[in-house]
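Peer 1: I have a structure I would like to understand better, so I am pasting it below and will then ask my questions one at a time.
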Amino acid sequence: MSFVLSVNDQAHIIEDDGETPLLWVLRDRLNLTGTKYGCGIAQCGACTVHLDGQPKRSCSIPLKAATSSQITTIEGAEGEEVTALRNAWGAHDVPQCGFCQSGQIMSAVALLRQNRTPTDTDIDHAMSGNLCRCATYNRIRAAIHDAAAQLGQPA
Amino acid sequence: MTDPAAKTPRFSLTRRRLILGGSLIGGALVVGYVAANPMQVAGAVLQGGGADPDPSAFGPFIRIAADGWVTIVNKQQELGQGIHAGLAAIVAEELDADWDKVRVIDARSNFRAYGVQMTAGSNSIASNWDLMRNAGAAARSMFVGAAARRWDVPVAEIHVRDSVVSHPASNTAATFAELLAEASREKPLQSPVLKQVHDYRLIGSDRVRRKDNLPKSTGAQIYTQDVQRPNMLVAVVAHSPRFGGKLAQFDASDALSVKGVVDVFAIETGVAVLAETTVAAMQGRAALRAEWTDTNAETRSTDDLVQYFRDTAAGGTDVEPSEFQTMGEGYDSPFDGEVAEFSFDFPYLAHAPMETMDCVAEVNGWDVSITSGAHLATIDQVQSALTARTVPGKVDIEVLPSGGSFGRRGNMSSDYLVECVRIAKRVEGRPIKLMWTREDEMASGYYRPMSHHRVWVQLGSDGFPTRWRVHIVCQSLLPVGPNFTATEGIAHSPYFTTASTVDGKIFTPKFPVIVGFWRSVGHSHTAMVMEHVIDQLARRAGRDPADYRRVFYEKAADSRRLAVMEELCRKADWGKPLEAGWARGLAIHEAFGTVVGQVAEVRMMEERPVVRRVISVVDCGIPVSPDQITAQMEGGIGFGLSAALYGEVTLREGLVQEINFRHYPILRMNEMPAVETHIIPSVNKPTGMGEPGVAPIAPAVANAVLALTGRATERLPFLNRAARNSAGFSL
């Protein structure tokens with residue numbers, strides 16, 4: 001089958017089975033390898049991308065279900081929230097192995113776009129689907145608070 | 001003017017070039033070296049073929065470019081612990097380089113240039129401390145020499161700071177970049193004078209930061225999983241579902257009919273399915289029909305194994321014990337007087353690094369080219385060479401950072417790497433990416449071994465031990481030699497110092513479940529045994545757990561444990577009351593030369609402990625990179641707490657039951673306690689930090705639970721299987 005997929009503001013024609021998980025289309029077909037395979041069952045969040053701005057686990061979305069959405073991967077993430085989060089990630093030395101961090105950033109971006117003043121509980125709720133085996137959680141939390149402070153309230 | 005000597009590097013730390021050119025590879029020449037000294041043999045076998053680093057006048061670890069940037073070569077594997085920054089900081093300190101113009105690259109496997117490359121035992125800083133300091137200081141001496149010559153002033157009057165060489169008396173200065181050509185012709189000092197601790201400007205400061213934050217927050221960092229090569233095939237392998245099972249027969253017809261599947265064949269570890277894409281390879285494997293023979297396989301269930309271990313500890317099986325740490329007269333005679341008895345059961349634990357096992361390999365004749373997060377690059381070279389029937393020097397490994405490991409990638413049989421080379425050898429000339437799914441990884445073994453501990457302590461009238469008996473049942477991580485990783489953390493315990501007699505016995509059963517190195521290794525269970533027993537003994541004696549410990553540490557003259565505990569009690573407000581329902585638990589443990597103390601603040605929510613905060617103190621010698629020490633403490637606590645709460649791999653008739661995160665939950669953000677880390681100042685040689693933070697957290701929590709409920713913890717994890725299964729996360 002042939003599908004049109006919109007990824008990072010670019011349209012791609014994908015020849016593949018419609019059941020193929022979006023994750024593997026991104027990685028193997030489009031070489032967007034910043035999105036990681038971690039579990040394949042939507043338990044770890046390493047494959048988090050945005051579908052129309054919402055964080056989703058790309059390992060569990062079939063290609064055919066993604067064709068009507070604007071898909072954003074870590075490579076295409078941009079905007080003030082992204083910049084603020086990346087700066088905060090660096091300032092806090094958040095990553096260790098770094099493998100989960102694409103997914104962490106994507107979940108954090110979605111959080112800050114919805115909520116510029118997240119509480120610890122808000123952060124727990126938004127981020128608990130993203131595993132970090134290195135347990136960088138406290139630094140992720142601090143970095144999200146910092147990024148939020150840097151952004152201030154939306155105008 | 002040409003200085004002929006400048007053409008070849010003649011750095012003091014470099015290699016002895018032994019002749020083993022590509023055309024001379026072969027048994028005879030290698031065997032010819034066997035009579036020489038072992039390092040020569042190793043050098044001869046391992047060199048050649050592998051990529052030579054760009055020759056650098058400043059030695060194998062330092063390259064300085066015309067723009068002044070200093071590149072430091074990291075010979076260890078970066079698996080999250082931040083070793084790239086730690087080693088670079090040590091070099092940069094002695095070199096007096098501008099840290100903001102230092103970058104780090106990862107070394108390929110190259111014995112001749114870098115010596116043994118193994119990232120293990122939390123020893124990367126400790127084992128490279130002198131090497132890296134000397135490398136930096138020797139390179140610095142070359143700039144000093146060049147400046148002294150150019151300005152015609154004494155060497156002793158030259159200063160270096162932030163990549164600028166100066167002669168204050170004449171108000172003259174030049175950058176590394178400006179002096180580069182002259183410096184590269186200088187002869188490095190063979191025994192450069194190293195800085196004193198009080199002279200450090202970079203080491204021990206918060207300026208030592210990771211250099212990989214940007215690629216790791218933009219998705220740009222390449223891991224093995226991300227490697228693409230022209231003409232590459234992806235391989236997945238169907239393994240025996242039981243440990244020790246063997247392939248009986250297979251039918252590949254359905255697998256081969258999956259679109260994109262290219263080849264299916266048997267290898268030593270199962271059936272390899274090769275395809276154009278990862279998904280096709282996975283689908284091909286799902287369609288494969290394979291039968292396995294379980295004649296030599298492990299078919300027991302976890303309950304059977306637990307019983308077998310308990311029987312073994314009681315002398316009820318044919319497993320013969322060996323002694324460890326046995327001292328005193330009549331250690332085998334019956335106890336008399338007051339005896340406290342303890343029992344512990346520990347489960348198998350999977351590593352579950354975020355990146356599953358993966359490897360890219362290509363075989364061309366003698367040459368093997370590998371890209372992987374190779375943890376033990378030197379061992380991996382040897383194992384790959386044996387598999388491909390070549391010599392290790394013909395195996396070139398591009399060592400990538402890995403998405404964690406926690407010991408999984410660091411095993412002496414290089415299992416996943418060898419599997420990839422086997423497949424690549426079958427399709428010579430074509431790059432193969434071996435991909436393991438999460439299920440493959442969790443069912444593959446190399447687990448932290450399960451173990452059973454029995455402890456008997458005879459107590460004197462003062463409430464302190466007069467005799468210890470410790471029986472441990474645990475598989476060995478090594479095929480030969482004493483089972484020392486099962487007793488580390490118990491052997492030479494300071495808690496034995498009040499006793500006149502110690503009877504240590506280690507029972508080492510052998511059966512097919514594969515065990516391996518898991519972050520903190522033996523300490524992952526022995527710290528729990530000793531620290532939880534001590535709290536129970538303190539309780540029995542009516543003593544405060546810190547006061548009780550102090551008696552042992554003072555008797556053992558263990559000044560490091562004493563200092564850590566005193567600082568910990570201060571920082572944790574030990575002895576001051578907490579709100580109702582909360583309690584503190586304390587644990588102090590030494591692992592890999594590092595002493596860590598942790599106090600956990602815990603409450604019970606129904607039957608499970610909830611940890612809100614952990615206060616930690618560490619003595620790891622000179623703190624090279626305080627922020628990374630703190631990060632490893634946080635990570636170690638998260639890793640250890642995850643295992644203590646949830647970690648358990650079980651078998652049902654030999655089949656692994658926990659094969660993904662749904663049944664093997666990992667600590668999530670909402671469960672992560674606040675962590676406070678305090679570093680004891682030190683002028684001692686640095687020790688490791690990757691693992692020592694893991695071990696104390698389980699006993700710290702258990703000791704808090706003891707304080708809250710009066711109940712001892714006799715098994716881990718704290719949560720039973722039913723409770724764990726409800727812990728899985730769903731959106």
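Residues are referred to by chain and number: the chain letter is A, B, ... according to the order shown in the structure tokens, the number counts from 1 in that chain, and ligands are numbered separately from 1 in the order shown.
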Fewer than 5 positions away in the same chain doesn't count, so skip those; otherwise give me all residues within 9 Å of range 491-507 of chain B, counting only C-alpha atoms, as a compact mmCIF listing (two decimals) with C-alpha atoms, in the first residue's frame.
Peer 2:
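Output (out37.txt):
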```txt
# COMPACT_ATOMS: atom_id res chain seq x y z
CA PHE B 309 18.65 -23.02 47.34
CA THR B 312 21.42 -26.39 49.68
CA ALA B 313 22.15 -23.86 52.44
CA VAL B 319 26.46 -28.89 46.26
CA GLU B 320 29.71 -28.81 48.22
CA PRO B 321 30.47 -25.49 49.90
CA SER B 322 33.78 -23.66 49.96
CA GLU B 323 34.94 -21.47 52.77
CA PHE B 324 35.35 -17.75 52.74
CA GLN B 325 36.49 -15.50 55.53
CA THR B 326 36.55 -18.38 57.98
CA MET B 327 38.47 -17.57 61.15
CA GLY B 328 38.75 -18.66 64.76
CA GLU B 329 38.75 -21.97 66.56
CA GLY B 330 35.91 -24.44 66.22
CA TYR B 331 34.02 -22.40 63.69
CA ASP B 332 32.00 -25.49 62.78
CA GLN B 458 25.85 -15.52 68.52
CA LEU B 459 25.58 -12.53 70.79
CA PHE B 464 27.43 -7.52 70.12
CA PRO B 465 28.33 -10.54 67.98
CA THR B 466 30.82 -13.04 69.30
CA ARG B 467 30.37 -15.52 66.43
CA TRP B 468 29.09 -15.22 62.89
CA ARG B 469 28.01 -17.93 60.51
CA VAL B 470 27.07 -16.88 56.98
CA HIS B 471 25.96 -19.40 54.37
CA ILE B 472 25.37 -18.14 50.84
CA VAL B 473 23.90 -20.01 47.91
CA CYS B 474 24.52 -18.29 44.61
CA GLN B 475 25.59 -19.21 41.09
CA ASN B 483 32.82 -17.40 43.61
CA PHE B 484 34.09 -14.13 45.02
CA ALA B 486 28.85 -13.67 45.76
CA MET B 530 24.76 -7.13 56.35
CA ILE B 534 22.94 -5.03 61.78
CA ARG B 549 27.40 0.69 63.99
CA VAL B 551 31.15 0.52 67.89
CA PHE B 552 32.12 -1.77 65.01
CA TYR B 553 33.64 1.00 62.90
CA LYS B 555 36.91 -1.24 66.65
CA ALA B 556 37.76 -1.82 62.97
CA ALA B 557 39.49 1.60 62.84
CA ASP B 558 37.36 2.26 59.78
```
Peer 1: Which residues of chain B come within 6 Å of chain A, and for each one, what is the closest pair of atoms and their distance in Å to one decimal, counting only C-alpha atoms, sorted by chain and residue number, as JSON lines?
Peer 2:
```
{"residue": "B:Leu79", "atom": "CA", "partner": "A:Cys97", "partner_atom": "CA", "distance": 5.3}
{"residue": "B:Gly80", "atom": "CA", "partner": "A:Cys97", "partner_atom": "CA", "distance": 3.5}
{"residue": "B:Asn213", "atom": "CA", "partner": "A:Gly90", "partner_atom": "CA", "distance": 5.4}
{"residue": "B:Lys216", "atom": "CA", "partner": "A:Gly98", "partner_atom": "CA", "distance": 5.2}
{"residue": "B:Ser217", "atom": "CA", "partner": "A:Gln101", "partner_atom": "CA", "distance": 6.0}
{"residue": "B:Gly219", "atom": "CA", "partner": "A:Gly34", "partner_atom": "CA", "distance": 4.0}
{"residue": "B:Asp226", "atom": "CA", "partner": "A:Thr33", "partner_atom": "CA", "distance": 5.5}
{"residue": "B:Met354", "atom": "CA", "partner": "A:Gly38", "partner_atom": "CA", "distance": 5.6}
{"residue": "B:Gly403", "atom": "CA", "partner": "A:Phe99", "partner_atom": "CA", "distance": 4.8}
{"residue": "B:Gly404", "atom": "CA", "partner": "A:Cys97", "partner_atom": "CA", "distance": 5.3}
{"residue": "B:Arg438", "atom": "CA", "partner": "A:Cys39", "partner_atom": "CA", "distance": 5.3}
{"residue": "B:Gly635", "atom": "CA", "partner": "A:Ala135", "partner_atom": "CA", "distance": 4.8}
{"residue": "B:Gly638", "atom": "CA", "partner": "A:Ala135", "partner_atom": "CA", "distance": 5.2}
{"residue": "B:Arg668", "atom": "CA", "partner": "A:Ser128", "partner_atom": "CA", "distance": 5.6}
{"residue": "B:Met669", "atom": "CA", "partner": "A:Ser128", "partner_atom": "CA", "distance": 5.2}
{"residue": "B:Asn670", "atom": "CA", "partner": "A:Asp124", "partner_atom": "CA", "distance": 5.1}
```
Peer 1: Would you pick out the contacts of Ser69 in chain A at 10 Å or less, using only C-alpha atoms, so that residues sharing its chain but fewer than 6 positions from it are not included, and give the list as an mmCIF file with C-alpha atoms, in the first residue's frame?
Peer 2:
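New file part-v4.cif:
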```cif
data_model
loop_
_atom_site.group_PDB
_atom_site.id
_atom_site.type_symbol
_atom_site.label_atom_id
_atom_site.label_comp_id
_atom_site.auth_asym_id
_atom_site.auth_seq_id
_atom_site.Cartn_x
_atom_site.Cartn_y
_atom_site.Cartn_z
ATOM 1 C CA LEU A 5 2.756 10.818 5.721
ATOM 2 C CA SER A 6 3.384 14.340 6.947
ATOM 3 C CA VAL A 7 6.473 14.392 9.124
ATOM 4 C CA HIS A 50 3.679 14.391 18.480
ATOM 5 C CA LEU A 51 0.584 13.708 16.439
ATOM 6 C CA ASP A 52 -1.120 17.049 15.918
ATOM 7 C CA GLY A 53 0.732 18.313 18.969
#
```
Peer 1: Please return as a PyMOL selection string: the residues of chain A that backbone DSSP assigns to strand (DSSP E).
Peer 2: chain A and resi 2-7+10-15+48-51+54-57+70-72
Peer 1: With C-alpha atoms kept, could you save the residues just selected as a tab-separated table (two decimals), in the first residue's frame?
Peer 2:
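Now in out.tsv:
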```tsv
chain	number	residue	atom	x	y	z
A	2	SER	CA	0.99	3.57	-0.53
A	3	PHE	CA	0.51	6.21	2.18
A	4	VAL	CA	1.19	9.90	2.43
A	5	LEU	CA	2.76	10.82	5.72
A	6	SER	CA	3.38	14.34	6.95
A	7	VAL	CA	6.47	14.39	9.12
A	10	GLN	CA	7.34	17.40	4.89
A	11	ALA	CA	5.12	15.03	2.97
A	12	HIS	CA	6.49	11.56	2.31
A	13	ILE	CA	5.06	8.80	0.19
A	14	ILE	CA	5.53	5.53	2.05
A	15	GLU	CA	5.13	2.13	0.40
A	48	THR	CA	7.26	9.48	21.86
A	49	VAL	CA	6.40	11.79	18.93
A	50	HIS	CA	3.68	14.39	18.48
A	51	LEU	CA	0.58	13.71	16.44
A	54	GLN	CA	-0.26	15.45	21.26
A	55	PRO	CA	2.44	13.14	22.65
A	56	LYS	CA	1.92	9.59	21.35
A	57	ARG	CA	3.86	6.32	21.48
A	70	GLN	CA	0.81	16.23	11.38
A	71	ILE	CA	3.67	14.24	12.87
A	72	THR	CA	6.56	15.90	14.68
```
Peer 1: Env of range 387-402 of chain B: 7 Å cut, atoms = only C-alpha atoms, seq-sep filter 2 positions within chain, self excluded. Answer as an mmCIF file with N, CA and C atoms, in the first residue's frame.
Peer 2:
```cif
data_model
loop_
_atom_site.group_PDB
_atom_site.id
_atom_site.type_symbol
_atom_site.label_atom_id
_atom_site.label_comp_id
_atom_site.auth_asym_id
_atom_site.auth_seq_id
_atom_site.Cartn_x
_atom_site.Cartn_y
_atom_site.Cartn_z
ATOM 1 N N CYS A 97 22.710 8.142 29.955
ATOM 2 C CA CYS A 97 22.906 7.417 28.688
ATOM 3 C C CYS A 97 22.218 8.153 27.546
ATOM 4 N N VAL B 45 48.897 -9.962 19.381
ATOM 5 C CA VAL B 45 47.644 -10.540 18.912
ATOM 6 C C VAL B 45 46.593 -9.468 18.658
ATOM 7 N N LEU B 46 46.622 -8.443 19.474
ATOM 8 C CA LEU B 46 45.550 -7.463 19.407
ATOM 9 C C LEU B 46 45.813 -6.339 18.425
ATOM 10 N N GLN B 47 47.067 -6.104 18.102
ATOM 11 C CA GLN B 47 47.333 -4.959 17.251
ATOM 12 C C GLN B 47 47.115 -5.297 15.782
ATOM 13 N N GLY B 48 47.241 -4.306 14.961
ATOM 14 C CA GLY B 48 47.122 -4.514 13.522
ATOM 15 C C GLY B 48 45.670 -4.572 13.119
ATOM 16 N N GLY B 49 45.378 -4.193 11.922
ATOM 17 C CA GLY B 49 44.008 -4.312 11.450
ATOM 18 C C GLY B 49 43.091 -3.262 12.025
ATOM 19 N N GLY B 50 43.069 -3.145 13.328
ATOM 20 C CA GLY B 50 42.232 -2.136 13.968
ATOM 21 C C GLY B 50 42.685 -0.750 13.563
ATOM 22 N N ALA B 51 41.787 0.199 13.692
ATOM 23 C CA ALA B 51 42.115 1.547 13.238
ATOM 24 C C ALA B 51 43.193 2.152 14.121
ATOM 25 N N GLN B 77 34.123 3.091 27.679
ATOM 26 C CA GLN B 77 32.836 3.229 27.005
ATOM 27 C C GLN B 77 31.924 4.165 27.780
ATOM 28 N N GLU B 78 31.300 5.071 27.054
ATOM 29 C CA GLU B 78 30.340 5.990 27.668
ATOM 30 C C GLU B 78 28.970 5.315 27.655
ATOM 31 N N LEU B 79 28.498 4.938 28.842
ATOM 32 C CA LEU B 79 27.197 4.273 28.891
ATOM 33 C C LEU B 79 26.248 5.045 29.787
ATOM 34 N N ASP B 106 35.265 9.275 21.231
ATOM 35 C CA ASP B 106 35.388 7.920 21.765
ATOM 36 C C ASP B 106 36.403 7.129 20.946
ATOM 37 N N ALA B 107 37.280 6.425 21.639
ATOM 38 C CA ALA B 107 38.293 5.606 20.973
ATOM 39 C C ALA B 107 37.652 4.383 20.335
ATOM 40 N N ARG B 108 38.205 3.960 19.218
ATOM 41 C CA ARG B 108 37.876 2.637 18.700
ATOM 42 C C ARG B 108 38.694 1.628 19.490
ATOM 43 N N SER B 109 38.443 0.362 19.276
ATOM 44 C CA SER B 109 39.257 -0.652 19.949
ATOM 45 C C SER B 109 40.673 -0.581 19.393
ATOM 46 N N TYR B 223 23.290 5.932 18.425
ATOM 47 C CA TYR B 223 23.514 4.680 19.149
ATOM 48 C C TYR B 223 23.550 3.553 18.115
ATOM 49 N N THR B 224 23.928 2.378 18.530
ATOM 50 C CA THR B 224 24.008 1.253 17.595
ATOM 51 C C THR B 224 22.668 1.030 16.899
ATOM 52 N N GLU B 355 18.284 0.846 25.745
ATOM 53 C CA GLU B 355 18.643 0.305 24.432
ATOM 54 C C GLU B 355 18.847 -1.192 24.591
ATOM 55 N N TRP B 366 39.630 -11.836 6.366
ATOM 56 C CA TRP B 366 40.215 -11.746 7.700
ATOM 57 C C TRP B 366 39.602 -10.617 8.522
ATOM 58 N N ASP B 367 39.038 -9.655 7.855
ATOM 59 C CA ASP B 367 38.659 -8.421 8.538
ATOM 60 C C ASP B 367 37.242 -8.460 9.076
ATOM 61 N N VAL B 368 37.107 -8.054 10.319
ATOM 62 C CA VAL B 368 35.793 -7.951 10.950
ATOM 63 C C VAL B 368 35.620 -6.502 11.408
ATOM 64 N N SER B 369 34.555 -5.899 10.959
ATOM 65 C CA SER B 369 34.291 -4.514 11.333
ATOM 66 C C SER B 369 33.005 -4.481 12.151
ATOM 67 N N ILE B 370 33.092 -3.927 13.348
ATOM 68 C CA ILE B 370 31.954 -3.955 14.282
ATOM 69 C C ILE B 370 31.653 -2.548 14.760
ATOM 70 N N THR B 371 30.389 -2.229 14.844
ATOM 71 C CA THR B 371 29.959 -0.997 15.503
ATOM 72 C C THR B 371 28.990 -1.402 16.606
ATOM 73 N N SER B 372 29.329 -1.047 17.831
ATOM 74 C CA SER B 372 28.447 -1.447 18.930
ATOM 75 C C SER B 372 28.820 -0.697 20.200
ATOM 76 N N GLY B 373 27.926 -0.712 21.137
ATOM 77 C CA GLY B 373 28.226 -0.169 22.462
ATOM 78 C C GLY B 373 29.024 -1.202 23.227
ATOM 79 N N ALA B 374 30.236 -1.434 22.751
ATOM 80 C CA ALA B 374 31.070 -2.513 23.300
ATOM 81 C C ALA B 374 31.625 -2.081 24.651
ATOM 82 N N GLN B 381 36.756 -7.917 21.193
ATOM 83 C CA GLN B 381 37.633 -8.163 20.040
ATOM 84 C C GLN B 381 38.071 -9.629 19.994
ATOM 85 N N VAL B 382 38.493 -10.125 21.136
ATOM 86 C CA VAL B 382 38.990 -11.510 21.186
ATOM 87 C C VAL B 382 37.868 -12.483 20.867
ATOM 88 N N GLN B 383 36.704 -12.281 21.486
ATOM 89 C CA GLN B 383 35.581 -13.200 21.248
ATOM 90 C C GLN B 383 35.110 -13.151 19.799
ATOM 91 N N SER B 384 35.083 -11.949 19.235
ATOM 92 C CA SER B 384 34.658 -11.828 17.840
ATOM 93 C C SER B 384 35.652 -12.504 16.921
ATOM 94 N N ALA B 385 36.935 -12.384 17.239
ATOM 95 C CA ALA B 385 37.970 -13.006 16.413
ATOM 96 C C ALA B 385 37.852 -14.528 16.460
ATOM 97 N N GLY B 404 22.491 2.890 28.071
ATOM 98 C CA GLY B 404 22.616 2.130 29.305
ATOM 99 C C GLY B 404 23.317 0.807 29.052
ATOM 100 N N SER B 405 23.434 0.037 30.076
ATOM 101 C CA SER B 405 24.019 -1.302 30.015
ATOM 102 C C SER B 405 23.819 -1.931 31.386
ATOM 103 N N VAL B 418 28.964 -11.597 19.535
ATOM 104 C CA VAL B 418 29.378 -12.833 18.874
ATOM 105 C C VAL B 418 28.251 -13.339 17.969
ATOM 106 N N VAL B 421 28.372 -11.393 14.808
ATOM 107 C CA VAL B 421 29.515 -11.775 13.962
ATOM 108 C C VAL B 421 29.240 -13.113 13.282
ATOM 109 N N ARG B 422 28.614 -14.033 13.993
ATOM 110 C CA ARG B 422 28.272 -15.337 13.404
ATOM 111 C C ARG B 422 27.394 -15.150 12.166
ATOM 112 N N LYS B 425 29.277 -13.457 9.308
ATOM 113 C CA LYS B 425 30.222 -14.360 8.625
ATOM 114 C C LYS B 425 29.507 -15.221 7.589
#
```
Peer 1: For Tyr200 in chain B, find every residue with an atom within 12 Å (counting only C-alpha atoms), except residues of its own chain fewer than 3 positions away, and show them as a PyMOL selection string.
Peer 2: chain B and resi 89-96+133+161+194-197+203-205+207-208+622-625+683
Peer 1: Hey, can you spit out that residue selection with C-alpha atoms as a PDB file, in the first residue's frame?
Peer 2:
```pdb
ATOM      1  CA  ALA B  89      38.819  16.783  32.996  1.00  0.00           C
ATOM      2  CA  ILE B  90      41.788  14.882  34.406  1.00  0.00           C
ATOM      3  CA  VAL B  91      43.778  15.459  31.204  1.00  0.00           C
ATOM      4  CA  ALA B  92      42.656  19.070  30.909  1.00  0.00           C
ATOM      5  CA  GLU B  93      43.603  19.796  34.511  1.00  0.00           C
ATOM      6  CA  GLU B  94      47.205  18.662  34.060  1.00  0.00           C
ATOM      7  CA  LEU B  95      47.416  20.165  30.590  1.00  0.00           C
ATOM      8  CA  ASP B  96      45.930  23.440  31.868  1.00  0.00           C
ATOM      9  CA  ARG B 133      47.268  12.849  34.558  1.00  0.00           C
ATOM     10  CA  ARG B 161      46.419  28.502  32.225  1.00  0.00           C
ATOM     11  CA  LEU B 194      51.875  16.331  38.693  1.00  0.00           C
ATOM     12  CA  LYS B 195      49.763  18.900  40.470  1.00  0.00           C
ATOM     13  CA  GLN B 196      48.885  18.721  44.144  1.00  0.00           C
ATOM     14  CA  VAL B 197      45.216  18.486  45.052  1.00  0.00           C
ATOM     15  CA  ILE B 203      38.997  18.761  39.035  1.00  0.00           C
ATOM     16  CA  GLY B 204      36.501  18.863  41.865  1.00  0.00           C
ATOM     17  CA  SER B 205      34.738  21.940  40.537  1.00  0.00           C
ATOM     18  CA  ARG B 207      32.784  23.372  35.878  1.00  0.00           C
ATOM     19  CA  VAL B 208      33.307  19.708  34.997  1.00  0.00           C
ATOM     20  CA  ILE B 622      39.272  13.003  45.224  1.00  0.00           C
ATOM     21  CA  PRO B 623      35.973  13.987  43.634  1.00  0.00           C
ATOM     22  CA  VAL B 624      36.874  14.558  39.969  1.00  0.00           C
ATOM     23  CA  SER B 625      33.448  15.556  38.741  1.00  0.00           C
ATOM     24  CA  VAL B 683      43.032  13.855  48.969  1.00  0.00           C
TER      25      VAL B 683
END
```
Peer 1: Run DSSP on the backbone and grab whatever in range 11-83 of chain A lands in alpha helix (DSSP H); send it over as JSON, numbers by chain.
Peer 2: {"A": [22, 23, 24, 63, 64, 65, 66, 80, 81, 82, 83]}
Peer 1: Residues near range 288-292 of chain B, anyone? I mean within 7 Å using only C-alpha atoms, not counting same-chain ones fewer than 6 positions away, as a ChimeraX atom specification.
Peer 2: /B:240,245-252,254-255
Peer 1: Can you list, as a VMD selection string, every protein, DNA or RNA residue that comes within 7 Å of Trp436 in chain B when you count only C-alpha atoms, leaving out same-chain residues fewer than 6 positions away?
Peer 2: chain B and resid 236 356 to 358
Peer 1: Restricting it to N, CA and C atoms, dump the selection as a tab-separated table (two decimals), in the first residue's frame.
Peer 2:
```
chain	number	residue	atom	x	y	z
B	236	VAL	N	17.09	-10.61	13.27
B	236	VAL	CA	16.63	-10.97	14.60
B	236	VAL	C	16.79	-12.48	14.71
B	356	THR	N	18.10	-1.97	23.81
B	356	THR	CA	18.28	-3.41	23.90
B	356	THR	C	19.61	-3.79	23.24
B	357	MET	N	19.96	-5.07	23.33
B	357	MET	CA	21.23	-5.50	22.73
B	357	MET	C	21.15	-5.33	21.22
B	358	ASP	N	22.21	-4.79	20.66
B	358	ASP	CA	22.26	-4.59	19.21
B	358	ASP	C	23.72	-4.46	18.80
```
